[in-house]
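Coordinates from input.txt are shown below (compact mmCIF, C-alpha atoms).
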```
# COMPACT_ATOMS: atom_id res chain seq x y z
CA MET I 1261 0.00 0.00 0.00
CA VAL I 1262 1.30 3.47 -0.94
CA TYR I 1263 1.71 5.97 1.92
CA ASN I 1264 0.70 9.43 0.75
CA PHE I 1265 2.91 12.49 1.25
CA LYS I 1266 1.15 14.41 -1.55
CA ASN I 1267 -0.71 16.86 0.66
CA ASP I 1268 -2.12 17.56 4.12
CA TYR I 1269 -5.75 16.75 3.39
CA THR I 1270 -5.62 13.08 2.40
CA GLU I 1271 -6.63 12.09 5.94
CA GLY I 1272 -10.21 12.53 7.07
CA VAL I 1273 -11.04 14.56 10.16
CA HIS I 1274 -9.69 14.67 13.69
CA PRO I 1275 -11.64 12.29 15.99
CA ASN I 1276 -12.52 15.12 18.40
CA ILE I 1277 -14.32 16.91 15.59
CA LEU I 1278 -16.17 13.77 14.55
CA ASP I 1279 -17.29 13.31 18.16
CA ALA I 1280 -18.40 16.94 18.36
CA LEU I 1281 -20.36 16.70 15.10
CA LYS I 1282 -22.11 13.58 16.35
CA LEU I 1283 -22.86 15.12 19.75
CA THR I 1284 -24.30 18.32 18.27
CA ASN I 1285 -26.20 16.58 15.45
CA PRO I 1286 -29.59 16.25 17.19
CA GLY I 1287 -31.83 19.29 17.32
CA GLN I 1288 -32.59 22.18 15.02
CA GLN I 1289 -30.44 25.22 14.33
CA GLU I 1290 -30.84 28.36 12.27
CA GLY I 1291 -29.16 28.28 8.87
CA TYR I 1292 -26.63 30.39 6.98
CA GLY I 1293 -24.27 31.00 9.89
CA ASP I 1294 -26.88 32.12 12.37
CA ASP I 1295 -26.65 28.97 14.50
CA LYS I 1296 -25.31 28.90 18.05
CA TYR I 1297 -22.17 26.99 17.05
CA CYS I 1298 -21.07 29.59 14.50
CA HIS I 1299 -21.79 32.32 17.02
CA LYS I 1300 -19.64 30.54 19.61
CA ALA I 1301 -16.84 29.93 17.10
CA ILE I 1302 -16.85 33.61 16.10
CA HIS I 1303 -16.68 34.64 19.75
CA ILE I 1304 -13.69 32.35 20.35
CA LEU I 1305 -11.88 33.48 17.21
CA ARG I 1306 -12.40 37.16 17.97
CA HIS I 1307 -10.77 36.54 21.35
CA LYS I 1308 -7.87 34.63 19.75
CA ILE I 1309 -7.12 37.41 17.26
CA GLY I 1310 -7.64 40.16 19.80
CA ASN I 1311 -10.28 41.98 17.76
CA PRO I 1312 -13.84 41.94 19.15
CA PHE I 1313 -15.06 43.92 16.13
CA ALA I 1314 -13.79 41.63 13.37
CA ASP I 1315 -16.33 40.24 10.93
CA ILE I 1316 -15.94 36.48 10.58
CA HIS I 1317 -17.50 34.29 7.90
CA PHE I 1318 -17.09 30.61 7.11
CA VAL I 1319 -16.56 29.12 3.64
CA SER I 1320 -15.82 25.61 2.46
CA GLY I 1321 -12.35 25.97 0.94
CA GLY I 1322 -9.34 28.12 0.20
CA THR I 1323 -9.90 28.81 -3.49
CA GLN I 1324 -13.45 29.85 -2.71
CA ALA I 1325 -12.20 32.15 0.05
CA ASN I 1326 -9.57 33.77 -2.15
CA ALA I 1327 -11.83 34.37 -5.14
CA ILE I 1328 -14.70 35.78 -3.10
CA VAL I 1329 -12.58 37.94 -0.80
CA ILE I 1330 -10.60 39.45 -3.65
CA ALA I 1331 -13.66 40.09 -5.82
CA SER I 1332 -15.52 41.65 -2.91
CA VAL I 1333 -12.93 44.37 -2.25
CA LEU I 1334 -11.80 45.29 -5.78
CA LYS I 1335 -13.44 47.56 -8.33
CA PRO I 1336 -13.63 46.14 -11.87
CA TYR I 1337 -10.47 47.92 -13.00
CA GLU I 1338 -8.39 47.04 -9.94
CA SER I 1339 -5.84 44.22 -9.70
CA VAL I 1340 -4.09 42.06 -7.14
CA ILE I 1341 -0.32 41.71 -6.65
CA SER I 1342 1.01 38.22 -5.96
CA ALA I 1343 4.29 36.34 -5.84
CA SER I 1344 4.80 34.18 -8.92
CA THR I 1345 4.42 31.11 -6.71
CA GLY I 1346 1.21 32.41 -5.10
CA HIS I 1347 -1.67 29.97 -4.93
CA ILE I 1348 -4.01 32.32 -6.78
CA ASN I 1349 -1.50 32.52 -9.63
CA VAL I 1350 -0.59 28.84 -9.99
CA HIS I 1351 -3.12 26.46 -8.45
CA GLU I 1352 -6.60 27.96 -8.64
CA ALA I 1353 -7.47 27.45 -12.33
CA GLY I 1354 -7.75 31.19 -12.92
CA ALA I 1355 -10.40 31.67 -10.23
CA VAL I 1356 -9.38 35.27 -9.55
CA GLU I 1357 -9.11 36.12 -13.24
CA ASN I 1358 -12.56 34.59 -13.67
CA THR I 1359 -13.92 37.28 -11.35
CA GLY I 1360 -12.53 39.88 -13.78
CA HIS I 1361 -9.37 40.90 -11.96
CA LYS I 1362 -5.81 40.77 -13.28
CA ILE I 1363 -2.99 39.30 -11.18
CA ASN I 1364 0.22 41.33 -11.27
CA VAL I 1365 2.99 38.80 -10.70
CA VAL I 1366 6.26 39.43 -8.86
CA GLU I 1367 9.05 36.87 -9.25
CA SER I 1368 10.10 35.42 -5.91
CA ILE I 1369 12.65 32.79 -4.97
CA ASN I 1370 11.35 32.10 -1.47
CA GLY I 1371 7.64 32.58 -2.13
CA LYS I 1372 7.48 35.85 -0.21
CA LEU I 1373 6.70 39.37 -1.36
CA SER I 1374 8.86 42.34 -0.45
CA CYS I 1375 8.10 46.05 -0.44
CA GLU I 1376 10.55 46.46 -3.32
CA GLY I 1377 8.75 43.82 -5.37
CA ILE I 1378 5.39 45.47 -4.81
CA GLN I 1379 6.84 48.87 -5.70
CA SER I 1380 8.11 47.46 -8.99
CA VAL I 1381 4.51 46.72 -9.96
CA LEU I 1382 3.31 50.16 -8.88
CA ASP I 1383 6.04 51.80 -10.95
CA LYS I 1384 4.73 50.14 -14.11
CA HIS I 1385 1.06 50.99 -13.54
CA ILE I 1386 0.85 54.73 -13.72
CA ASP I 1387 -2.37 55.74 -15.44
CA GLU I 1388 -5.89 54.79 -16.48
CA HIS I 1389 -4.69 52.81 -19.51
CA MET I 1390 -3.60 50.03 -17.16
CA VAL I 1391 -5.17 48.16 -14.29
CA LYS I 1392 -4.81 49.80 -10.91
CA PRO I 1393 -3.02 47.60 -8.33
CA ARG I 1394 -5.11 47.70 -5.17
CA LEU I 1395 -4.64 44.51 -3.15
CA VAL I 1396 -1.52 42.60 -2.11
CA PHE I 1397 -1.90 38.83 -1.76
CA ILE I 1398 0.46 36.87 0.49
CA SER I 1399 0.38 33.39 2.05
CA ASN I 1400 1.62 32.29 5.44
CA ALA I 1401 2.97 29.67 5.19
CA THR I 1402 3.90 30.26 1.56
CA GLU I 1403 3.59 27.69 -1.20
CA THR I 1404 7.30 26.90 -0.77
CA GLY I 1405 7.01 26.32 2.98
CA THR I 1406 8.57 29.61 4.09
CA ILE I 1407 7.03 31.99 6.62
CA TYR I 1408 6.81 35.71 7.22
CA LYS I 1409 8.58 36.98 10.31
CA LYS I 1410 7.05 39.75 12.40
CA LYS I 1411 9.44 42.37 11.02
CA GLU I 1412 8.62 41.40 7.43
CA LEU I 1413 4.86 41.44 7.91
CA GLU I 1414 4.97 44.72 9.81
CA ALA I 1415 7.01 46.28 6.99
CA LEU I 1416 4.48 45.06 4.40
CA CYS I 1417 1.64 46.44 6.51
CA GLN I 1418 3.20 49.89 6.78
CA PHE I 1419 4.18 49.95 3.11
CA CYS I 1420 0.70 48.97 1.94
CA LYS I 1421 -0.90 51.64 4.10
CA SER I 1422 1.48 54.27 2.74
CA LYS I 1423 0.53 53.27 -0.82
CA GLU I 1424 -3.21 52.88 -0.08
CA LEU I 1425 -3.05 49.17 -0.82
CA LEU I 1426 -5.02 46.45 0.95
CA LEU I 1427 -3.12 43.51 2.46
CA TYR I 1428 -4.75 40.07 2.32
CA LEU I 1429 -3.25 36.89 3.76
CA ASP I 1430 -4.07 33.36 2.61
CA GLY I 1431 -3.99 31.24 5.76
CA ALA I 1432 -4.50 27.77 4.33
CA ARG I 1433 -1.49 26.64 6.38
CA ILE I 1434 -1.49 29.40 8.97
CA GLY I 1435 -1.34 26.84 11.77
CA CYS I 1436 1.96 25.44 10.54
CA ALA I 1437 3.31 28.96 10.01
CA LEU I 1438 2.50 30.06 13.55
CA CYS I 1439 3.85 26.82 15.04
CA SER I 1440 7.11 26.87 13.11
CA GLU I 1441 10.31 26.91 15.16
CA GLU I 1442 11.29 30.02 13.17
CA ASN I 1443 8.06 31.93 13.84
CA ASP I 1444 8.01 35.02 16.05
CA LEU I 1445 4.39 36.08 15.41
CA THR I 1446 1.25 35.44 17.43
CA LEU I 1447 -2.12 35.01 15.76
CA ALA I 1448 -3.24 38.32 17.28
CA GLU I 1449 -0.17 40.15 15.95
CA LEU I 1450 -0.65 38.70 12.49
CA SER I 1451 -4.27 39.79 12.51
CA ARG I 1452 -3.32 43.38 13.35
CA PHE I 1453 -1.02 43.62 10.33
CA VAL I 1454 -3.55 42.62 7.63
CA ASP I 1455 -6.87 43.97 6.39
CA LEU I 1456 -8.24 40.50 5.74
CA PHE I 1457 -7.09 36.91 6.12
CA TYR I 1458 -8.45 33.45 6.59
CA ILE I 1459 -7.69 30.64 8.99
CA GLY I 1460 -7.50 27.31 7.19
CA GLY I 1461 -9.20 24.35 8.78
CA THR I 1462 -9.22 21.98 5.80
CA LYS I 1463 -5.46 21.35 5.93
CA ASN I 1464 -5.30 21.15 9.70
CA GLY I 1465 -7.72 18.54 10.98
CA ALA I 1466 -11.12 19.83 9.89
CA MET I 1467 -13.46 18.00 7.56
CA LEU I 1468 -13.71 21.21 5.57
CA GLY I 1469 -13.87 24.93 6.20
CA GLU I 1470 -11.97 28.19 6.40
CA ALA I 1471 -12.72 31.19 8.61
CA VAL I 1472 -12.55 34.48 6.68
CA ILE I 1473 -11.66 37.37 8.98
CA ILE I 1474 -12.26 40.98 7.97
CA ASN I 1475 -10.48 43.53 10.16
CA ASN I 1476 -10.85 46.59 7.93
CA ASN I 1477 -14.23 48.17 8.67
CA SER I 1478 -14.54 49.63 5.16
CA LEU I 1479 -14.55 46.12 3.66
CA LYS I 1480 -17.26 44.55 5.79
CA ASP I 1481 -20.43 45.89 4.23
CA GLY I 1482 -22.15 43.55 1.77
CA PHE I 1483 -19.75 40.63 2.15
CA ARG I 1484 -22.59 38.17 2.80
CA PHE I 1485 -24.07 39.17 -0.56
CA PHE I 1486 -20.84 38.01 -2.23
CA LEU I 1487 -21.00 34.76 -0.29
CA LYS I 1488 -24.58 34.10 -1.36
CA GLN I 1489 -24.08 35.14 -4.97
CA ASN I 1490 -21.12 32.78 -5.30
CA GLY I 1491 -22.79 29.80 -3.65
CA ALA I 1492 -20.63 30.03 -0.53
CA LEU I 1493 -23.29 30.87 2.07
CA LEU I 1494 -23.86 27.35 3.31
CA ALA I 1495 -27.35 26.58 4.64
CA LYS I 1496 -26.01 24.10 7.20
CA SER I 1497 -23.23 26.38 8.41
CA ARG I 1498 -23.39 24.68 11.79
CA ILE I 1499 -20.88 22.19 10.37
CA PHE I 1500 -18.31 25.03 10.27
CA GLY I 1501 -19.15 26.37 13.70
CA VAL I 1502 -18.88 23.01 15.44
CA GLN I 1503 -15.48 22.35 13.88
CA PHE I 1504 -13.92 25.71 14.66
CA VAL I 1505 -15.17 25.61 18.24
CA GLU I 1506 -13.51 22.23 18.64
CA LEU I 1507 -10.29 23.38 16.98
CA PHE I 1508 -9.86 26.54 19.03
CA LYS I 1509 -11.54 26.07 22.41
CA ASP I 1510 -8.46 24.26 23.78
CA ASP I 1511 -5.93 25.11 21.04
CA LEU I 1512 -6.24 21.75 19.32
CA PHE I 1513 -5.60 23.67 16.09
CA PHE I 1514 -2.06 24.50 17.16
CA GLU I 1515 -1.32 21.04 18.56
CA LEU I 1516 -2.18 19.51 15.20
CA ALA I 1517 0.01 22.00 13.33
CA LYS I 1518 2.91 21.30 15.67
CA HIS I 1519 2.70 17.60 14.85
CA ALA I 1520 2.70 18.29 11.10
CA ASN I 1521 5.78 20.49 11.46
CA ALA I 1522 7.56 17.98 13.70
CA MET I 1523 7.08 15.19 11.16
CA ALA I 1524 8.36 17.41 8.33
CA LEU I 1525 11.38 18.41 10.37
CA LYS I 1526 12.23 14.80 11.15
CA LEU I 1527 11.81 13.90 7.49
CA SER I 1528 14.01 16.77 6.26
CA ARG I 1529 16.75 16.10 8.81
CA GLY I 1530 16.80 12.44 7.86
CA ILE I 1531 17.02 13.25 4.16
CA GLU I 1532 19.74 15.83 4.75
CA LYS I 1533 21.74 13.41 6.90
CA ILE I 1534 21.75 10.87 4.05
CA GLY I 1535 23.35 13.56 1.87
CA PHE I 1536 20.61 15.09 -0.28
CA GLN I 1537 19.98 18.78 -0.94
CA PHE I 1538 16.74 20.77 -1.07
CA LEU I 1539 15.17 23.15 -3.55
CA SER I 1540 14.42 25.64 -0.76
CA LYS I 1541 14.65 25.93 2.99
CA SER I 1542 11.24 25.22 4.44
CA ALA I 1543 10.13 26.19 7.94
CA THR I 1544 6.84 24.29 7.91
CA ASN I 1545 5.22 21.04 6.77
CA GLN I 1546 6.18 21.16 3.08
CA ILE I 1547 9.69 20.13 2.07
CA PHE I 1548 11.30 19.92 -1.38
CA PRO I 1549 14.23 17.46 -1.53
CA ILE I 1550 16.17 16.91 -4.76
CA PHE I 1551 16.65 13.33 -5.98
CA ASN I 1552 17.77 11.71 -9.21
CA GLN I 1553 15.08 10.29 -11.47
CA ASP I 1554 15.86 6.66 -10.64
CA ILE I 1555 15.38 7.25 -6.90
CA ILE I 1556 12.15 9.19 -7.57
CA LYS I 1557 10.81 6.33 -9.69
CA ARG I 1558 11.62 3.72 -7.08
CA LEU I 1559 10.28 5.78 -4.17
CA SER I 1560 7.02 6.38 -6.03
CA LYS I 1561 6.24 2.66 -5.87
CA LYS I 1562 5.80 2.96 -2.12
CA TYR I 1563 5.06 6.65 -1.44
CA GLY I 1564 2.81 9.27 -2.97
CA PHE I 1565 4.29 12.69 -3.74
CA TYR I 1566 4.42 15.31 -6.49
CA VAL I 1567 7.41 16.02 -8.70
CA TRP I 1568 7.62 19.75 -8.09
CA GLU I 1569 10.37 21.06 -10.38
CA ASN I 1570 12.88 19.55 -12.77
CA ILE I 1571 16.45 20.58 -11.92
CA ASP I 1572 18.17 19.04 -14.96
CA ASP I 1573 17.81 15.98 -17.18
CA ASN I 1574 18.59 13.66 -14.29
CA LYS I 1575 17.37 15.42 -11.14
CA ALA I 1576 14.11 16.87 -9.86
CA ALA I 1577 12.71 18.32 -6.64
CA ILE I 1578 9.75 16.50 -5.18
CA ARG I 1579 7.27 17.88 -2.65
CA LEU I 1580 6.67 15.95 0.56
CA VAL I 1581 3.86 17.20 2.79
CA THR I 1582 3.17 16.03 6.32
CA SER I 1583 -0.08 16.54 8.22
CA TRP I 1584 -1.71 16.55 11.62
CA ALA I 1585 -2.12 12.78 11.24
CA THR I 1586 1.18 11.74 9.62
CA LYS I 1587 2.45 8.56 11.22
CA GLU I 1588 6.00 8.73 12.57
CA GLU I 1589 6.63 5.18 11.42
CA ALA I 1590 5.86 6.30 7.84
CA VAL I 1591 8.52 9.00 8.17
CA ASP I 1592 11.00 6.47 9.55
CA SER I 1593 10.16 4.08 6.73
CA PHE I 1594 10.73 6.75 4.06
CA ILE I 1595 14.12 7.67 5.51
CA SER I 1596 15.13 4.01 5.76
CA ASP I 1597 14.09 3.26 2.19
CA LEU I 1598 15.87 6.37 0.89
CA ARG I 1599 19.04 5.37 2.69
CA SER I 1600 18.98 1.92 1.09
CA LEU I 1601 18.44 3.47 -2.36
CA LYS I 1602 21.36 5.86 -1.86
CA ASN I 1603 23.63 2.98 -0.95
```

Re-express the file's structure as structure tokens.
Amino acid sequence: MVYNFKNDYTEGVHPNILDALKLTNPGQQEGYGDDKYCHKAIHILRHKIGNPFADIHFVSGGTQANAIVIASVLKPYESVISASTGHINVHEAGAVENTGHKINVVESINGKLSCEGIQSVLDKHIDEHMVKPRLVFISNATETGTIYKKKELEALCQFCKSKELLLYLDGARIGCALCSEENDLTLAELSRFVDLFYIGGTKNGAMLGEAVIINNNSLKDGFRFFLKQNGALLAKSRIFGVQFVELFKDDLFFELAKHANAMALKLSRGIEKIGFQFLSKSATNQIFPIFNQDIIKRLSKKYGFYVWENIDDNKAAIRLVTSWATKEEAVDSFISDLRSLKN
């Protein structure tokens, strides 16, 4: 049987959430996010981010969150700035472009945007014959496993405000970012630096669901209309509320992310010790080791993973992703098998 390191959503749902869904199943609740579980989840999340006035909405997935959030805040002629590796640019089938908004791409080696990179886009868009850059899209963790430090995010925040740009953070793997050994940000600090962001549950133990958080008061009005118009205002929203209560009432969310990171760290250290290099230095649960094609072919018979980038005719970087439920024995087995292939 193949053990899957392709992504962090191949497993089902954390048992605590299954138990909570079963326990709360009997009885009627209001629909469309007006149930007691969503209300409780919103109360808990507002406390966690340190903003009692934040608007919080639940959607089913990350692509849905990104497309709806971005479309809701941009005028038809406005665009979004993203790193070339950004999820909206590479892995969302043109969802943002489908809403009518151009993505201005900035090349990035480590998956992160800088103030200089954003300025380079602004310098090229100077009049009404071009789109007007309005929103900056970042991810934490990024698509290459890197994270934003407090100093970096604060600098982006200040820069965007000085240029009248909105700052939006994709938090599909925000748990792993905040639980990284390299992280120096709290969830509340991160929230203060961005106009909008979402907390990803799908990739961190939930059955499905992301919590969209709107901090900027000017962006709150009418957001539910965008949710409804785009089929994202779920009638049985209680399923979101129950899950996010369970994830955050006792910080289960962070415990699960810590496990995912720990498994990735053990995997990367084992691979490095055998003598292999990496495409990039990851701080979270995605790692990108470089192997020759023969090793990749032989590993693929026993493990699932994506070939991420070809290095040359003989070598490629693969992506290995660990999750809240990754078994340590699977990590040990991968390292052992790799060692035998190297020898």

* To do: Kindly give the distance, in Å, that separates atom CA of Trp1584 of chain I and atom CA of Gly1465 of chain I, rounded to a single decimal.
  => 6.4 Å

* Point-to-point distance from atom CA of Ser1342 of chain I to atom CA of Lys1372 of chain I, Å rounded to tenths ->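 One can read the atom CA of Ser1342 of chain I to atom CA of Lys1372 of chain I distance as 9.0 Å.
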
* Within 12 Å of Glu1449 of chain I using all atoms listed in the file, minus same-chain residues under 2 positions, as a ChimeraX atom specification -> /I:1308-1311,1409-1411,1413-1414,1417,1438,1443-1447,1451-1454

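We find atom CA of Ala1492 of chain I and atom CA of Val1319 of chain I to be spaced 5.9 Å apart.
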
* Asked: Which of these, I:Phe1397, I:Phe1265, I:Phe1514, I:Phe1536, has the shortest distance to Ile1378 of chain I once you count all atoms listed in the file?
  ->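 Among the listed residues, I:Phe1397 lies closest to Ile1378 of chain I.
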
* Asked: Do you know which residues lie at most 9 Å from (17.9, 11.5, 2.4), with coordinates as in the file and all atoms listed in the file counted, and could you write them as a list in words?
  ->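 Checked against the point, the hits come out as Leu1527, Ser1528, Arg1529, Gly1530, Ile1531, Glu1532, Lys1533, Ile1534, Gly1535, Phe1536, Gln1537, Pro1549, Phe1551, Phe1594, Ile1595, Ser1596, Leu1598, Arg1599 and Lys1602 of chain I.
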
Write out the residues from the selection above, keeping C-alpha atoms, as a short mmCIF file (atom, residue, chain, number, x, y, z; two decimals), in the coordinates of the input.
```
data_model
loop_
_atom_site.label_atom_id
_atom_site.label_comp_id
_atom_site.auth_asym_id
_atom_site.auth_seq_id
_atom_site.Cartn_x
_atom_site.Cartn_y
_atom_site.Cartn_z
CA LEU I 1527 11.81 13.90 7.49
CA SER I 1528 14.01 16.77 6.26
CA ARG I 1529 16.75 16.10 8.81
CA GLY I 1530 16.80 12.44 7.86
CA ILE I 1531 17.02 13.25 4.16
CA GLU I 1532 19.74 15.83 4.75
CA LYS I 1533 21.74 13.41 6.90
CA ILE I 1534 21.75 10.87 4.05
CA GLY I 1535 23.35 13.56 1.87
CA PHE I 1536 20.61 15.09 -0.28
CA GLN I 1537 19.98 18.78 -0.94
CA PRO I 1549 14.23 17.46 -1.53
CA PHE I 1551 16.65 13.33 -5.98
CA PHE I 1594 10.73 6.75 4.06
CA ILE I 1595 14.12 7.67 5.51
CA SER I 1596 15.13 4.01 5.76
CA LEU I 1598 15.87 6.37 0.89
CA ARG I 1599 19.04 5.37 2.69
CA LYS I 1602 21.36 5.86 -1.86
#
```

* To do: Considering only C-alpha atoms, state which residue in the set I:Gly1482, I:Gly1501, I:Gly1564, I:Gly1460 is at the smallest distance from His1303 of chain I.
  =>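 Looking only at the distances to His1303 of chain I, the closest residue turns out to be I:Gly1501.
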
* To do: List every protein, DNA or RNA residue with an atom no more than 12 Å from (-32.6, 29.5, 8.1) in the file's coordinates, counting all atoms listed in the file, and format the result as a ChimeraX atom specification.
  => /I:1288-1295,1493-1498

* Can you list, as a list in words, every protein, DNA or RNA residue that comes within 9 Å of segment 1323-1329 of chain I when you count only C-alpha atoms, leaving out same-chain residues fewer than 6 positions away? ->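 My list of contacting residues is His1347, Ile1348, His1351, Glu1352, Ala1355, Val1356, Glu1357, Asn1358, Thr1359, Tyr1428, Asp1430, Leu1456, Phe1457, Tyr1458, Glu1470, Ala1471, Val1472, Phe1483, Phe1486, Leu1487, Asn1490 and Ala1492 of chain I.
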
* To do: Write out as number ranges by chain the residues lying within 7 Å of Lys1509 of chain I, counting all atoms listed in the file and excluding same-chain residues fewer than 3 positions away.
  => I: 1304, 1505-1506

* **Counting all atoms listed in the file, the residue of I:Leu1468, I:Ile1316, I:Ile1341, I:Ala1543 that sits nearest Ile1407 of chain I** =>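 For Ile1407 of chain I, the nearest of the candidates is I:Ala1543.
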
* Quick one: of I:Asn1464, I:Ser1399, I:Ser1320, I:Asn1285, who's nearest to Asn1349 of chain I, counting all atoms listed in the file? ->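 With all atoms listed in the file as the atom set, the closest residue is I:Ser1399.
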
* With a distance cut-off of 10 Å and all atoms listed in the file, select the neighbouring residues of Ala1520 of chain I, excluding the residue or stretch itself and same-chain residues fewer than 5 positions from it, and output the selection as a ChimeraX atom specification. => /I:1268,1435-1436,1439-1440,1464,1514-1515,1525,1544-1546,1581-1587

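Minimum atom-to-atom distance to Ile1459 of chain I, evaluated using all atoms listed in the file, belongs to I:Asn1400 out of I:Ser1600, I:Asn1475, I:Ser1380, I:Asn1400.
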
Just need the box for segment 1395-1402 of chain I, edges along x, y and z, holding every atom the file lists for it with 4 Å tacked onto each side, so centre and edge lengths in Å to one decimal, as JSON.
```
{"center_x": -0.4, "center_y": 37.1, "center_z": 1.1, "size_x": 16.5, "size_y": 22.8, "size_z": 16.6}
```

* Spatial neighbours of Asn1264 of chain I, max dist 8 Å, all atoms listed in the file, sep filter under 5 positions, as JSON, numbers by chain -> {"I": [1270, 1563, 1564, 1565]}
